[in-house]
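Colleague: One structure, pasted below without further comment.
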Amino acid sequence: MGANADGEPVDTEEAIMQATYRALCKHGYANLTMQAIADEFDKTKGVLHYHYDTKEALLVAFLEYLLSAFEQNIAVEGRGDPDERLEALIDTLLFGPPERGTFDHWELTTAMLEVRTEAPHNDEFRRQLSRNYERVEATVIAIVEDGIERGVFRDVDPEQVATLLLASINGSRIYQVTLERDDVAEITRASLRAILREWLYRSDSTDDTH
């Protein structure tokens, strides 16, 4: 393992981010302090303050870290039929990647929800969350546009499809992590597939797999 000019391991930032994640999951955003993060960190609180002057600066970096992990989790293979790619993306957004990523999907969803609640009061949080939404939206739009071009999908407005899917999926995730309902994601998937069959898929391109 290498070290930087100060002799600290080059993965200190990663260790700080993981400690912040554990502290957030344990204490929630409202009770998150630098000391709580330091308690999850194998170095001193001083190291935290060396890298980040304030808790807000740390949490801005942490949100970027969370969103990067989220985008890695939902990455969908660019090859294959558009309908298969779209359904794979829906499944991944709802349930996480087929293979377990760095973080548990629902723990990551809860952590992101904790931070998201602060976005109306924090311009940087709002900017990063908006950028994340736009990236996911662009992924959906690209798949739908490809499907229309190939004749698999009807000639609909791709942005409208993206808005419907992401609003439904985001609402489902919030519902599932905030209420005692562990079936919401499954119900949402079934409902979205039924809507897609009626609205998006051309009748001659659907089969029993949809």
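To be explicit about the labels: the chains of the structure tokens are called A, B, and onward in the order shown, and within each one the residues are counted from 1, while ligands get numbers from 1 in the order they are shown.
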At a cut-off of 10 Å, using only C-alpha atoms, what residues contact Ile16 in chain A? Leave out same-chain residues fewer than 2 positions from it and give the result as a PyMOL selection string.

Modeller: chain A and resi 11-14+18-22+37-38+40-43+47-48+51+58+62

Colleague: Counting only C-alpha atoms, which residues of range 24-128 of chain A sit at most 9 Å from some atom of range 183-203 of chain A, and what is each one's closest atom pair with its distance in Å to one decimal, listed by chain and rising residue number, as a Markdown table?

Modeller:
```
| residue | atom | partner | partner_atom | distance |
| --- | --- | --- | --- | --- |
| A:Asp83 | CA | A:Tyr201 | CA | 7.9 |
| A:Glu87 | CA | A:Arg193 | CA | 7.9 |
| A:Ile90 | CA | A:Arg189 | CA | 7.3 |
| A:Asp91 | CA | A:Arg189 | CA | 7.2 |
| A:Leu94 | CA | A:Ala185 | CA | 5.9 |
| A:Phe95 | CA | A:Ala185 | CA | 7.4 |
```

Colleague: Rank nothing, just name the residue among A:Arg173, A:Lys55, A:Arg135, A:Arg126 nearest to Leu108 in chain A, using only C-alpha atoms.

Modeller: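 Of A:Arg173, A:Lys55, A:Arg135, A:Arg126, the one nearest Leu108 in chain A, counting only C-alpha atoms, is A:Arg173.
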
Colleague: Using CA of Glu118 in chain A and CA of Leu93 in chain A as the two end points, give the distance in Å to one decimal.

Modeller: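 Going from CA of Glu118 in chain A over to CA of Leu93 in chain A, I get 21.8 Å.
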
Colleague: Which neighbours of Glu56 in chain A fall inside 10 Å, counting only C-alpha atoms, when residues of the same chain fewer than 5 positions from it are skipped, and could you give them as a PyMOL selection string?

Modeller: chain A and resi 34+61-62+122+124

Colleague: If DSSP is run on the backbone, what residues of range 33-190 of chain A are helix (DSSP H, G or I)? A reply as a ChimeraX atom specification would be ideal.

Modeller: /A:34-39,45-51,55-73,82-95,105-116,119-121,123-150,158-178,184-190

Colleague: Extract, using only C-alpha atoms, all DNA, RNA and protein residues at most 7 Å from range 162-165 of chain A, discarding same-chain residues fewer than 2 positions from it, and format them as a PyMOL selection string.

Modeller: chain A and resi 137+140-141+158-160+167-169

Colleague: Export N, CA and C atoms of the chosen residues as a PDB file, in the first residue's frame?

Modeller:
```pdb
ATOM      1  N   GLU A 137     -31.546   9.418 -15.705  1.00  0.00           N
ATOM      2  CA  GLU A 137     -32.566   9.763 -16.701  1.00  0.00           C
ATOM      3  C   GLU A 137     -32.013   9.595 -18.113  1.00  0.00           C
ATOM      4  N   VAL A 140     -32.017   5.949 -19.146  1.00  0.00           N
ATOM      5  CA  VAL A 140     -33.342   5.470 -19.551  1.00  0.00           C
ATOM      6  C   VAL A 140     -33.695   6.003 -20.931  1.00  0.00           C
ATOM      7  N   ILE A 141     -33.483   7.286 -21.156  1.00  0.00           N
ATOM      8  CA  ILE A 141     -33.816   7.902 -22.449  1.00  0.00           C
ATOM      9  C   ILE A 141     -33.063   7.230 -23.582  1.00  0.00           C
ATOM     10  N   PRO A 158     -39.446   9.657 -25.033  1.00  0.00           N
ATOM     11  CA  PRO A 158     -38.516   8.976 -24.116  1.00  0.00           C
ATOM     12  C   PRO A 158     -38.382   9.660 -22.765  1.00  0.00           C
ATOM     13  N   GLU A 159     -38.441  10.986 -22.754  1.00  0.00           N
ATOM     14  CA  GLU A 159     -38.313  11.697 -21.480  1.00  0.00           C
ATOM     15  C   GLU A 159     -39.518  11.422 -20.589  1.00  0.00           C
ATOM     16  N   GLN A 160     -40.686  11.278 -21.202  1.00  0.00           N
ATOM     17  CA  GLN A 160     -41.889  10.965 -20.421  1.00  0.00           C
ATOM     18  C   GLN A 160     -41.772   9.579 -19.797  1.00  0.00           C
ATOM     19  N   ALA A 167     -39.839   8.357 -11.201  1.00  0.00           N
ATOM     20  CA  ALA A 167     -40.725   8.813 -10.118  1.00  0.00           C
ATOM     21  C   ALA A 167     -41.326   7.621  -9.382  1.00  0.00           C
ATOM     22  N   SER A 168     -41.734   6.604 -10.138  1.00  0.00           N
ATOM     23  CA  SER A 168     -42.316   5.403  -9.523  1.00  0.00           C
ATOM     24  C   SER A 168     -41.289   4.653  -8.686  1.00  0.00           C
ATOM     25  N   ILE A 169     -40.098   4.490  -9.237  1.00  0.00           N
ATOM     26  CA  ILE A 169     -39.052   3.732  -8.551  1.00  0.00           C
ATOM     27  C   ILE A 169     -38.560   4.474  -7.313  1.00  0.00           C
TER      28      ILE A 169
END
```

Colleague: Pick from A:Asp155, A:Glu149, A:Leu129, A:Ala57: nearest to Thr117 in chain A, with only C-alpha atoms counted?

Modeller: A:Leu129

Colleague: For Glu64 in chain A, please output as number ranges by chain all residues within 8 Å (counting only C-alpha atoms; exclusion window: fewer than 4 positions along the same chain).

Modeller: A: 60, 68, 128

Colleague: Write to file, as a PDB file, in the first residue's frame, the residues of the selection just made, with all heavy atoms.

Modeller:
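Dumped to part.pdb:
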```
ATOM      1  N   VAL A  60     -20.508  16.731   2.028  1.00  0.00           N
ATOM      2  CA  VAL A  60     -20.559  17.015   0.590  1.00  0.00           C
ATOM      3  C   VAL A  60     -19.727  15.978  -0.162  1.00  0.00           C
ATOM      4  O   VAL A  60     -20.161  15.417  -1.179  1.00  0.00           O
ATOM      5  CB  VAL A  60     -20.064  18.443   0.286  1.00  0.00           C
ATOM      6  CG1 VAL A  60     -19.801  18.616  -1.207  1.00  0.00           C
ATOM      7  CG2 VAL A  60     -21.082  19.468   0.762  1.00  0.00           C
ATOM      8  N   SER A  68     -21.602   7.971  -6.412  1.00  0.00           N
ATOM      9  CA  SER A  68     -20.721   7.167  -7.255  1.00  0.00           C
ATOM     10  C   SER A  68     -20.977   5.678  -7.032  1.00  0.00           C
ATOM     11  O   SER A  68     -21.054   4.892  -7.990  1.00  0.00           O
ATOM     12  CB  SER A  68     -19.255   7.504  -6.951  1.00  0.00           C
ATOM     13  OG  SER A  68     -18.384   6.672  -7.692  1.00  0.00           O
ATOM     14  N   GLN A 128     -25.663  17.978  -6.590  1.00  0.00           N
ATOM     15  CA  GLN A 128     -25.158  16.620  -6.825  1.00  0.00           C
ATOM     16  C   GLN A 128     -26.300  15.646  -7.078  1.00  0.00           C
ATOM     17  O   GLN A 128     -26.202  14.777  -7.966  1.00  0.00           O
ATOM     18  CB  GLN A 128     -24.323  16.155  -5.630  1.00  0.00           C
ATOM     19  CG  GLN A 128     -22.993  16.869  -5.500  1.00  0.00           C
ATOM     20  CD  GLN A 128     -22.048  16.141  -4.569  1.00  0.00           C
ATOM     21  OE1 GLN A 128     -21.969  14.919  -4.568  1.00  0.00           O
ATOM     22  NE2 GLN A 128     -21.318  16.891  -3.762  1.00  0.00           N
TER      23      GLN A 128
END
```

Colleague: Find, counting only C-alpha atoms, the residue in A:Ile148, A:Leu86, A:Phe153, A:His105 that gets nearest to Asn73 in chain A.

Modeller: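 Selected residue with least distance to Asn73 in chain A: A:His105.
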